[in-house]
>>> print(open('final.cif').read())   # mmCIF, C-alpha atoms
data_final
loop_
_atom_site.group_PDB
_atom_site.id
_atom_site.type_symbol
_atom_site.label_atom_id
_atom_site.label_comp_id
_atom_site.auth_asym_id
_atom_site.auth_seq_id
_atom_site.Cartn_x
_atom_site.Cartn_y
_atom_site.Cartn_z
ATOM 1 C CA MET A 214 -68.018 87.028 12.942
ATOM 2 C CA THR A 215 -69.519 90.352 13.930
ATOM 3 C CA LYS A 216 -67.576 92.359 16.485
ATOM 4 C CA TYR A 217 -69.828 94.173 18.945
ATOM 5 C CA VAL A 218 -68.758 97.519 20.339
ATOM 6 C CA ASN A 219 -69.830 99.085 23.608
ATOM 7 C CA TYR A 220 -72.109 102.072 23.107
ATOM 8 C CA ILE A 221 -69.687 104.692 24.422
ATOM 9 C CA ASP A 222 -66.863 103.425 22.179
ATOM 10 C CA MET A 223 -68.927 103.580 18.979
ATOM 11 C CA THR A 224 -68.209 105.761 16.000
ATOM 12 C CA LYS A 225 -70.976 108.054 14.809
ATOM 13 C CA ALA A 226 -71.987 105.548 12.114
ATOM 14 C CA GLN A 227 -72.013 102.640 14.594
ATOM 15 C CA ALA A 228 -74.113 104.605 17.067
ATOM 16 C CA GLU A 229 -76.616 105.485 14.354
ATOM 17 C CA ALA A 230 -76.875 101.832 13.297
ATOM 18 C CA ALA A 231 -77.377 100.711 16.908
ATOM 19 C CA PHE A 232 -79.977 103.445 17.367
ATOM 20 C CA ARG A 233 -81.983 102.183 14.386
ATOM 21 C CA GLU A 234 -81.758 98.640 15.713
ATOM 22 C CA TYR A 235 -83.014 99.407 19.218
ATOM 23 C CA PRO A 236 -86.501 100.763 18.368
ATOM 24 C CA ALA A 237 -86.886 98.138 15.636
ATOM 25 C CA GLU A 238 -86.620 95.464 18.341
ATOM 26 C CA ARG A 239 -89.303 96.931 20.568
ATOM 27 C CA GLY A 240 -92.294 95.364 18.779
ATOM 28 C CA PRO A 241 -90.845 91.837 18.541
ATOM 29 C CA ALA A 242 -89.680 92.025 22.172
ATOM 30 C CA LEU A 243 -93.171 92.949 23.319
ATOM 31 C CA ASP A 244 -94.686 90.171 21.205
ATOM 32 C CA ARG A 245 -92.292 87.711 22.842
ATOM 33 C CA LEU A 246 -93.397 88.924 26.285
ATOM 34 C CA ARG A 247 -97.055 88.497 25.349
ATOM 35 C CA GLU A 248 -96.343 84.942 24.194
ATOM 36 C CA ALA A 249 -94.654 84.168 27.517
ATOM 37 C CA LEU A 250 -97.673 85.510 29.396
ATOM 38 C CA VAL A 251 -100.059 83.375 27.322
ATOM 39 C CA ALA A 252 -97.896 80.283 27.891
ATOM 40 C CA ASP A 253 -98.235 80.908 31.624
ATOM 41 C CA GLY A 254 -102.019 81.187 31.434
ATOM 42 C CA GLN A 255 -102.115 84.993 31.686
ATOM 43 C CA ASP A 256 -104.257 87.350 29.613
ATOM 44 C CA PRO A 257 -101.823 89.859 28.053
ATOM 45 C CA ASP A 258 -104.643 92.115 26.814
ATOM 46 C CA ALA A 259 -105.931 92.512 30.375
ATOM 47 C CA LEU A 260 -102.508 92.764 31.991
ATOM 48 C CA LEU A 261 -100.879 95.101 29.471
ATOM 49 C CA ASP A 262 -103.586 97.773 29.401
ATOM 50 C CA GLY A 263 -101.190 100.717 29.025
ATOM 51 C CA SER A 264 -101.674 102.087 32.535
ATOM 52 C CA ILE A 265 -98.872 102.933 34.926
ATOM 53 C CA GLU A 266 -100.518 100.677 37.505
ATOM 54 C CA SER A 267 -100.246 97.684 35.141
ATOM 55 C CA LEU A 268 -96.489 97.744 35.682
ATOM 56 C CA VAL A 269 -97.045 96.508 39.241
ATOM 57 C CA PRO A 270 -98.468 93.033 38.427
ATOM 58 C CA LEU A 271 -96.235 92.768 35.363
ATOM 59 C CA TRP A 272 -93.061 93.363 37.375
ATOM 60 C CA ARG A 273 -94.294 90.915 40.036
ATOM 61 C CA TRP A 274 -94.842 88.292 37.319
ATOM 62 C CA ILE A 275 -91.441 88.906 35.728
ATOM 63 C CA LEU A 276 -89.619 88.655 39.064
ATOM 64 C CA ALA A 277 -91.370 85.333 39.696
ATOM 65 C CA HIS A 278 -90.245 83.992 36.310
ATOM 66 C CA LEU A 279 -86.608 85.060 36.284
ATOM 67 C CA THR A 280 -84.407 81.983 36.210
ATOM 68 C CA VAL A 281 -80.848 80.913 36.891
ATOM 69 C CA PHE A 282 -78.782 78.534 34.799
ATOM 70 C CA ASP A 283 -79.375 75.544 37.052
ATOM 71 C CA ALA A 284 -83.150 76.052 37.251
ATOM 72 C CA PRO A 285 -85.363 72.989 36.649
ATOM 73 C CA GLY A 286 -85.755 72.441 32.921
ATOM 74 C CA GLY A 287 -82.532 74.256 32.162
ATOM 75 C CA ALA A 288 -81.886 77.765 30.946
ATOM 76 C CA THR A 289 -79.854 79.203 28.102
ATOM 77 C CA ASP A 290 -76.481 80.772 28.795
ATOM 78 C CA PRO A 291 -76.346 83.855 26.524
ATOM 79 C CA ASN A 292 -72.752 82.968 25.685
ATOM 80 C CA SER A 293 -73.942 79.660 24.227
ATOM 81 C CA ALA A 294 -76.216 81.459 21.751
ATOM 82 C CA PRO A 295 -75.114 83.617 18.800
ATOM 83 C CA ARG A 296 -74.722 87.139 20.111
ATOM 84 C CA GLU A 297 -76.957 88.523 17.380
ATOM 85 C CA GLN A 298 -79.827 86.698 19.102
ATOM 86 C CA TRP A 299 -79.404 88.803 22.239
ATOM 87 C CA PRO A 300 -81.381 92.012 22.688
ATOM 88 C CA SER A 301 -79.189 94.705 21.119
ATOM 89 C CA TRP A 302 -78.729 96.675 24.336
ATOM 90 C CA THR A 303 -77.197 93.616 26.002
ATOM 91 C CA ARG A 304 -74.649 93.333 23.179
ATOM 92 C CA HIS A 305 -73.454 96.904 23.474
ATOM 93 C CA GLU A 306 -73.112 97.393 27.229
ATOM 94 C CA TYR A 307 -70.143 97.055 29.537
ATOM 95 C CA GLU A 308 -72.463 95.518 32.117
ATOM 96 C CA VAL A 309 -74.030 92.717 30.097
ATOM 97 C CA MET A 310 -75.445 90.417 32.750
ATOM 98 C CA HIS A 311 -73.897 87.123 31.765
ATOM 99 C CA ALA A 312 -75.320 85.684 34.984
ATOM 100 C CA LEU A 313 -78.835 86.022 33.550
ATOM 101 C CA PRO A 314 -80.086 83.324 31.181
ATOM 102 C CA LEU A 315 -81.276 84.375 27.745
ATOM 103 C CA GLU A 316 -84.867 83.662 28.779
ATOM 104 C CA SER A 317 -84.620 86.209 31.592
ATOM 105 C CA LEU A 318 -82.991 88.776 29.303
ATOM 106 C CA PHE A 319 -85.939 88.366 26.935
ATOM 107 C CA LEU A 320 -88.405 89.014 29.764
ATOM 108 C CA ILE A 321 -86.541 92.197 30.717
ATOM 109 C CA ASP A 322 -86.404 93.223 27.066
ATOM 110 C CA GLY A 323 -90.185 92.830 26.791
ATOM 111 C CA LEU A 324 -90.661 94.865 29.952
ATOM 112 C CA VAL A 325 -88.436 97.611 28.521
ATOM 113 C CA SER A 326 -90.653 97.743 25.409
ATOM 114 C CA TYR A 327 -93.840 97.961 27.427
ATOM 115 C CA LEU A 328 -92.336 100.487 29.838
ATOM 116 C CA GLY A 329 -91.451 102.693 26.866
ATOM 117 C CA GLU A 330 -95.003 102.494 25.524
ATOM 118 C CA VAL A 331 -96.512 103.424 28.886
ATOM 119 C CA VAL A 332 -94.119 106.338 29.389
ATOM 120 C CA GLN A 333 -94.631 107.758 25.900
ATOM 121 C CA GLN A 334 -98.393 107.432 26.218
ATOM 122 C CA HIS A 335 -98.296 109.688 29.292
ATOM 123 C CA ALA A 336 -95.447 111.909 28.042
ATOM 124 C CA PRO A 337 -96.348 112.530 24.381
ATOM 125 C CA GLU A 338 -93.515 115.022 23.829
ATOM 126 C CA ALA A 339 -90.884 112.397 24.650
ATOM 127 C CA ARG A 340 -88.706 111.272 21.768
ATOM 128 C CA TRP A 341 -86.027 108.663 21.092
ATOM 129 C CA GLU A 342 -82.555 109.949 20.297
ATOM 130 C CA ILE A 343 -78.854 109.126 20.653
ATOM 131 C CA ALA A 344 -77.388 110.477 23.889
ATOM 132 C CA HIS A 345 -74.529 112.954 23.456
ATOM 133 C CA HIS A 346 -72.479 114.542 26.215
ATOM 134 C CA ARG A 347 -69.399 116.752 26.353
ATOM 135 C CA ILE A 348 -67.720 114.168 28.605
ATOM 136 C CA ARG A 349 -66.547 111.377 26.321
ATOM 137 C CA ARG A 350 -66.761 108.687 29.015
ATOM 138 C CA TYR A 351 -70.183 109.814 30.180
ATOM 139 C CA HIS A 352 -71.904 106.549 30.981
ATOM 140 C CA LEU A 353 -74.811 107.008 28.549
ATOM 141 C CA ASN A 354 -72.914 108.408 25.581
ATOM 142 C CA LYS A 355 -74.170 106.892 22.288
ATOM 143 C CA HIS A 356 -76.988 105.003 24.078
ATOM 144 C CA PRO A 357 -80.570 105.064 22.734
ATOM 145 C CA VAL A 358 -82.480 107.220 25.212
ATOM 146 C CA LEU A 359 -85.819 108.919 25.760
ATOM 147 C CA ALA A 360 -85.525 112.684 26.007
ATOM 148 C CA SER A 361 -87.619 115.830 25.792
ATOM 149 C CA GLY A 362 -87.083 119.582 25.676
ATOM 150 C CA THR A 363 -83.420 120.378 25.022
ATOM 151 C CA GLY A 364 -82.527 116.712 25.428
ATOM 152 C CA GLU A 365 -80.181 117.253 28.375
ATOM 153 C CA ASP A 366 -81.828 114.512 30.455
ATOM 154 C CA HIS A 367 -81.084 111.034 29.088
ATOM 155 C CA ASN A 368 -83.356 108.147 30.055
ATOM 156 C CA TYR A 369 -81.923 104.756 29.137
ATOM 157 C CA LEU A 370 -84.815 102.405 29.852
ATOM 158 C CA PRO A 371 -82.980 99.053 30.270
ATOM 159 C CA GLY A 372 -80.769 100.470 33.030
ATOM 160 C CA LEU A 373 -82.938 100.223 36.132
ATOM 161 C CA PRO A 374 -84.822 97.009 35.162
ATOM 162 C CA ARG A 375 -81.603 95.059 34.531
ATOM 163 C CA VAL A 376 -80.069 96.163 37.844
ATOM 164 C CA HIS A 377 -83.168 95.226 39.845
ATOM 165 C CA ALA A 378 -83.640 91.955 37.972
ATOM 166 C CA TYR A 379 -80.065 90.881 38.636
ATOM 167 C CA SER A 380 -80.180 91.939 42.290
ATOM 168 C CA SER A 381 -83.458 90.111 42.851
ATOM 169 C CA LEU A 382 -82.425 86.934 41.039
ATOM 170 C CA THR A 383 -79.138 86.641 42.909
ATOM 171 C CA GLY A 384 -80.750 87.445 46.258
ATOM 172 C CA PHE A 385 -78.632 90.566 46.635
ATOM 173 C CA ARG A 386 -81.561 92.906 47.135
ATOM 174 C CA GLU A 387 -85.343 92.584 46.839
ATOM 175 C CA SER A 388 -87.202 94.689 44.289
ATOM 176 C CA PRO A 389 -90.663 95.878 45.420
ATOM 177 C CA ASP A 390 -93.597 95.156 43.111
ATOM 178 C CA ASP A 391 -94.135 98.870 42.478
ATOM 179 C CA THR A 392 -90.518 99.536 41.418
ATOM 180 C CA MET A 393 -91.271 99.905 37.703
ATOM 181 C CA ALA A 394 -94.497 101.837 38.260
ATOM 182 C CA ASN A 395 -92.676 104.355 40.447
ATOM 183 C CA TYR A 396 -89.866 104.555 37.883
ATOM 184 C CA ALA A 397 -92.405 105.253 35.131
ATOM 185 C CA ARG A 398 -94.032 108.020 37.178
ATOM 186 C CA ARG A 399 -90.677 109.727 37.698
ATOM 187 C CA LEU A 400 -89.806 109.441 34.013
ATOM 188 C CA ILE A 401 -93.167 110.806 32.921
ATOM 189 C CA GLU A 402 -92.920 113.765 35.268
ATOM 190 C CA GLN A 403 -89.371 114.560 34.152
ATOM 191 C CA LEU A 404 -90.152 114.171 30.447
ATOM 192 C CA ASN A 405 -93.233 116.359 30.703
ATOM 193 C CA GLN A 406 -91.169 119.082 32.370
ATOM 194 C CA GLY A 407 -88.884 119.171 29.340
ATOM 195 C CA ASP A 408 -85.784 121.199 30.197
ATOM 196 C CA ARG A 409 -83.612 121.012 33.279
ATOM 197 C CA PRO A 410 -81.244 123.484 34.946
ATOM 198 C CA ASP A 411 -77.699 123.923 33.733
ATOM 199 C CA ASP A 412 -75.391 121.071 34.829
ATOM 200 C CA ASP A 413 -73.201 123.346 36.961
ATOM 201 C CA GLU A 414 -76.204 124.957 38.637
ATOM 202 C CA MET A 415 -77.750 121.570 39.335
ATOM 203 C CA ALA A 416 -74.518 120.182 40.794
ATOM 204 C CA GLU A 417 -74.241 123.131 43.161
ATOM 205 C CA ASP A 418 -77.694 122.342 44.537
ATOM 206 C CA GLU A 419 -77.017 118.625 45.038
ATOM 207 C CA PRO A 420 -75.095 117.221 47.987
ATOM 208 C CA LEU A 421 -71.712 115.693 47.239
ATOM 209 C CA VAL A 422 -72.695 112.426 48.910
ATOM 210 C CA GLU A 423 -75.722 111.063 50.730
ATOM 211 C CA VAL A 424 -75.758 107.982 52.941
ATOM 212 C CA GLU A 425 -78.828 106.009 53.964
ATOM 213 C CA ASP A 426 -79.056 103.159 56.476
ATOM 214 C CA LEU A 427 -80.761 100.192 54.781
ATOM 215 C CA GLY A 428 -80.917 98.170 57.993
ATOM 216 C CA ASP A 429 -79.888 94.580 58.629
ATOM 217 C CA ASP A 430 -79.895 91.745 56.109
ATOM 218 C CA GLU A 431 -79.823 88.108 57.217
ATOM 219 C CA LEU A 432 -77.010 87.217 54.833
ATOM 220 C CA ARG A 433 -74.978 90.409 54.546
ATOM 221 C CA GLY A 434 -75.580 92.136 57.872
ATOM 222 C CA ARG A 435 -76.092 95.874 58.164
ATOM 223 C CA GLU A 436 -75.886 97.861 54.913
ATOM 224 C CA LEU A 437 -75.470 101.554 54.155
ATOM 225 C CA GLU A 438 -76.297 103.016 50.750
ATOM 226 C CA VAL A 439 -73.950 105.702 49.402
ATOM 227 C CA ALA A 440 -75.285 107.980 46.644
ATOM 228 C CA LEU A 441 -72.630 110.046 44.859
ATOM 229 C CA ARG A 442 -73.261 113.270 42.971
ATOM 230 C CA GLU A 443 -73.579 112.811 39.185
ATOM 231 C CA ASP A 444 -70.685 115.011 38.145
ATOM 232 C CA ILE A 445 -68.311 113.201 40.505
ATOM 233 C CA VAL A 446 -69.067 109.806 38.952
ATOM 234 C CA PHE A 447 -68.949 110.983 35.338
ATOM 235 C CA GLU A 448 -65.935 113.290 35.502
ATOM 236 C CA HIS A 449 -63.803 111.597 38.172
ATOM 237 C CA ASN A 450 -64.516 107.876 37.831
ATOM 238 C CA ARG A 451 -60.870 106.927 38.480
ATOM 239 C CA VAL A 452 -60.926 108.796 41.786
ATOM 240 C CA VAL A 453 -64.136 106.987 42.694
ATOM 241 C CA GLY A 454 -62.490 103.667 41.842
ATOM 242 C CA ARG A 455 -59.525 104.408 44.102
ATOM 243 C CA MET A 456 -61.893 105.563 46.823
ATOM 244 C CA ILE A 457 -63.746 102.244 46.723
ATOM 245 C CA LYS A 458 -60.474 100.315 47.091
ATOM 246 C CA ALA A 459 -59.451 102.501 50.032
ATOM 247 C CA LEU A 460 -62.826 102.132 51.711
ATOM 248 C CA LYS A 461 -62.646 98.348 51.492
ATOM 249 C CA GLU A 462 -59.423 98.444 53.544
ATOM 250 C CA GLU A 463 -60.940 100.459 56.396
ATOM 251 C CA ASP A 464 -61.552 98.671 59.701
ATOM 252 C CA GLY A 465 -65.208 97.852 60.178
ATOM 253 C CA ILE A 466 -66.018 97.759 56.444
ATOM 254 C CA THR A 467 -66.805 94.194 55.413
ATOM 255 C CA ARG A 468 -68.015 94.719 51.854
ATOM 256 C CA VAL A 469 -68.381 97.452 49.213
ATOM 257 C CA VAL A 470 -70.464 96.770 46.105
ATOM 258 C CA CYS A 471 -71.273 99.069 43.171
ATOM 259 C CA GLU A 472 -75.005 98.633 42.711
ATOM 260 C CA ASP A 473 -74.997 101.287 40.001
ATOM 261 C CA ARG A 474 -72.547 103.930 38.804
ATOM 262 C CA GLU A 475 -73.715 106.407 41.417
ATOM 263 C CA ILE A 476 -74.747 103.966 44.154
ATOM 264 C CA LEU A 477 -72.521 101.969 46.498
ATOM 265 C CA LEU A 478 -73.723 99.417 49.031
ATOM 266 C CA VAL A 479 -71.464 99.245 52.080
ATOM 267 C CA ALA A 480 -71.750 96.440 54.625
ATOM 268 C CA THR A 481 -70.516 97.446 58.085
ATOM 269 C CA PRO A 482 -71.411 96.386 61.621
ATOM 270 C CA THR A 483 -69.865 99.487 63.230
ATOM 271 C CA TRP A 484 -69.915 102.574 61.003
ATOM 272 C CA SER A 485 -72.708 105.133 61.280
ATOM 273 C CA THR A 486 -74.218 106.971 58.315
ATOM 274 C CA ASP A 487 -72.563 110.194 59.497
ATOM 275 C CA ARG A 488 -69.151 108.566 59.763
ATOM 276 C CA LEU A 489 -69.372 107.056 56.285
ATOM 277 C CA GLN A 490 -70.682 110.264 54.738
ATOM 278 C CA GLU A 491 -67.851 112.263 56.321
ATOM 279 C CA TRP A 492 -65.229 109.724 55.177
ATOM 280 C CA VAL A 493 -66.451 109.754 51.552
ATOM 281 C CA ALA A 494 -66.775 113.559 51.464
ATOM 282 C CA ARG A 495 -63.262 114.062 52.871
ATOM 283 C CA TYR A 496 -61.761 111.572 50.422
ATOM 284 C CA LEU A 497 -63.352 113.255 47.437
ATOM 285 C CA GLN A 498 -62.477 116.758 48.606
ATOM 286 C CA ALA A 499 -58.864 115.684 49.088
ATOM 287 C CA ASN A 500 -58.553 113.957 45.719
ATOM 288 C CA VAL A 501 -60.729 115.891 43.282
ATOM 289 C CA ARG A 502 -59.180 119.161 42.133
ATOM 290 C CA ASP A 503 -61.431 122.234 42.162
ATOM 291 C CA LEU A 504 -64.255 120.269 43.724
ATOM 292 C CA ARG A 505 -67.415 122.301 44.134
ATOM 293 C CA SER A 506 -68.521 122.340 47.719
ATOM 294 C CA ALA A 507 -71.557 120.318 48.704
#
>>> encode(input="final.cif", output="structure tokens")
Amino acid sequence: MTKYVNYIDMTKAQAEAAFREYPAERGPALDRLREALVADGQDPDALLDGSIESLVPLWRWILAHLTVFDAPGGATDPNSAPREQWPSWTRHEYEVMHALPLESLFLIDGLVSYLGEVVQQHAPEARWEIAHHRIRRYHLNKHPVLASGTGEDHNYLPGLPRVHAYSSLTGFRESPDDTMANYARRLIEQLNQGDRPDDDEMAEDEPLVEVEDLGDDELRGRELEVALREDIVFEHNRVVGRMIKALKEEDGITRVVCEDREILLVATPTWSTDRLQEWVARYLQANVRDLRSA
């Protein structure tokens, strides 16, 4: 039985093998998406026209066809199928979404293929490569990514679609129809720019933490979104983990959820954005040695 290794724990040879596998899957994944569209009475040639705007109706269609395990007609638990049948990126991630049926993973995989085609069509200098970073536990180390220029910016295409798909399917957070189109525009702009500033220079220009009020939700109440600076998450993930545990114990905080590595969703009926931002900043400044000022 094949043992699957998370991307960041791979040896050089394993990472190279996984890298060859990922682009090889793109064509079959897109074909599978086209077949699903035809089965639903859609015209894939008209829908998948290569434009950025085409990602709007495609994402709307995918969101409408994501399923849960107890959906009418049944759905396939990925753990009930041989793991080699999963899309390769789902086999090699820490955050494999076991809550998503295999059918939904296939839809996301097809979207990832099409998203890559659209982005590369509008950013012709973009190239696929294996992400490398001086920080061993950098969250995208050994992942197959799109890059350009010096290759310092790593764009792992399954990341955002899987997060939004899971959040939408579970009712945690809605994903607007233009989510993927806006994502593609940002990627294209960044890839066409090529290089980026030095990591230290960029970190100095970015705030340590930003907090946004997302308003009230019928099920979860009022939510605040906490965005942490990249270097904090990558270099001090244990401090961030302890910070999350401490925040959960504060009066007035009813829930803390990691939406992504850099994004926390905090449910609170009483805290203001300023209060939360000050609390997070003070915690990090007190617990991270030689922290650069925001």
>>> closest_residue(input="final.cif", among="A:Glu387, A:Glu423, A:Glu297, A:Glu266", to="Val493 (chain A)", atoms="only C-alpha atoms")
A:Glu423
>>> resolve_selection(input="final.cif", expression="the PyMOL selection byres ((chain A and resi 447-449) around 8)", output="ChimeraX atom specification")
/A:348,350-352,443-446,450-453,501
>>> resolve_selection(input="final.cif", expression="the PyMOL selection byres ((chain A and resi 328) around 8)", output="number ranges by chain")
A: 268, 324-327, 329-332, 370, 393, 397
>>> residues_near_point(input="final.cif", point="(-88.9, 105.0, 38.6)", cutoff="12 Å", atoms="all atoms listed in the file", output="ChimeraX atom specification")
/A:265,268-269,328,332,368-374,377,388-403
>>> closest_atom_pairs(input="final.cif", of="region 335-447 of chain A", to="region 221-229 of chain A", cutoff="9 Å", atoms="all atoms listed in the file", output="CSV")
residue,atom,partner,partner_atom,distance
A:Ile343,CA,A:Ala228,CA,7.5
A:Arg349,CA,A:Ile221,CA,7.6
A:Arg350,CA,A:Ile221,CA,6.8
A:Tyr351,CA,A:Ile221,CA,7.7
A:His352,CA,A:Ile221,CA,7.2
A:Leu353,CA,A:Ile221,CA,7.0
A:Asn354,CA,A:Ile221,CA,5.1
A:Lys355,CA,A:Ile221,CA,5.4
A:His356,CA,A:Ile221,CA,7.3
A:Pro357,CA,A:Ala228,CA,8.6
>>> residues_around(input="final.cif", residues="region 457-465 of chain A", least_positions_apart="2", cutoff="6 Å", atoms="all atoms listed in the file", output="list in words")
Gly454, Arg455, Thr481 and Thr483 of chain A
>>> closest_residue(input="final.cif", among="A:His346, A:Arg495, A:Arg488, A:Arg375", to="Leu276 (chain A)", atoms="only C-alpha atoms")
A:Arg375
>>> build_atoms(input="final.cif", residues="region 445-459 of chain A", atoms="N, CA and C atoms", output="PDB file, in the frame of the given file")
ATOM      1  N   ILE A 445     -69.457 113.904  39.923  1.00  0.00           N
ATOM      2  CA  ILE A 445     -68.311 113.201  40.505  1.00  0.00           C
ATOM      3  C   ILE A 445     -68.096 111.872  39.783  1.00  0.00           C
ATOM      4  N   VAL A 446     -69.169 111.122  39.577  1.00  0.00           N
ATOM      5  CA  VAL A 446     -69.067 109.806  38.952  1.00  0.00           C
ATOM      6  C   VAL A 446     -68.637 109.924  37.498  1.00  0.00           C
ATOM      7  N   PHE A 447     -69.210 110.873  36.765  1.00  0.00           N
ATOM      8  CA  PHE A 447     -68.949 110.983  35.338  1.00  0.00           C
ATOM      9  C   PHE A 447     -67.573 111.574  35.032  1.00  0.00           C
ATOM     10  N   GLU A 448     -67.157 112.566  35.816  1.00  0.00           N
ATOM     11  CA  GLU A 448     -65.935 113.290  35.502  1.00  0.00           C
ATOM     12  C   GLU A 448     -64.708 112.777  36.254  1.00  0.00           C
ATOM     13  N   HIS A 449     -64.933 112.028  37.337  1.00  0.00           N
ATOM     14  CA  HIS A 449     -63.803 111.597  38.172  1.00  0.00           C
ATOM     15  C   HIS A 449     -63.953 110.115  38.541  1.00  0.00           C
ATOM     16  N   ASN A 450     -64.265 109.289  37.541  1.00  0.00           N
ATOM     17  CA  ASN A 450     -64.516 107.876  37.831  1.00  0.00           C
ATOM     18  C   ASN A 450     -63.281 107.156  38.357  1.00  0.00           C
ATOM     19  N   ARG A 451     -62.087 107.581  37.958  1.00  0.00           N
ATOM     20  CA  ARG A 451     -60.870 106.927  38.480  1.00  0.00           C
ATOM     21  C   ARG A 451     -60.684 107.229  39.961  1.00  0.00           C
ATOM     22  N   VAL A 452     -61.000 108.448  40.365  1.00  0.00           N
ATOM     23  CA  VAL A 452     -60.926 108.796  41.786  1.00  0.00           C
ATOM     24  C   VAL A 452     -61.926 107.958  42.570  1.00  0.00           C
ATOM     25  N   VAL A 453     -63.122 107.804  42.025  1.00  0.00           N
ATOM     26  CA  VAL A 453     -64.136 106.987  42.694  1.00  0.00           C
ATOM     27  C   VAL A 453     -63.654 105.546  42.818  1.00  0.00           C
ATOM     28  N   GLY A 454     -63.018 105.029  41.778  1.00  0.00           N
ATOM     29  CA  GLY A 454     -62.490 103.667  41.842  1.00  0.00           C
ATOM     30  C   GLY A 454     -61.447 103.503  42.928  1.00  0.00           C
ATOM     31  N   ARG A 455     -60.546 104.472  43.042  1.00  0.00           N
ATOM     32  CA  ARG A 455     -59.525 104.408  44.102  1.00  0.00           C
ATOM     33  C   ARG A 455     -60.165 104.550  45.477  1.00  0.00           C
ATOM     34  N   MET A 456     -61.192 105.377  45.555  1.00  0.00           N
ATOM     35  CA  MET A 456     -61.893 105.563  46.823  1.00  0.00           C
ATOM     36  C   MET A 456     -62.530 104.255  47.296  1.00  0.00           C
ATOM     37  N   ILE A 457     -63.117 103.519  46.370  1.00  0.00           N
ATOM     38  CA  ILE A 457     -63.746 102.244  46.723  1.00  0.00           C
ATOM     39  C   ILE A 457     -62.710 101.269  47.268  1.00  0.00           C
ATOM     40  N   LYS A 458     -61.543 101.206  46.613  1.00  0.00           N
ATOM     41  CA  LYS A 458     -60.474 100.315  47.091  1.00  0.00           C
ATOM     42  C   LYS A 458     -60.013 100.726  48.487  1.00  0.00           C
ATOM     43  N   ALA A 459     -59.892 102.028  48.723  1.00  0.00           N
ATOM     44  CA  ALA A 459     -59.451 102.501  50.032  1.00  0.00           C
ATOM     45  C   ALA A 459     -60.491 102.208  51.100  1.00  0.00           C
TER      46      ALA A 459
END
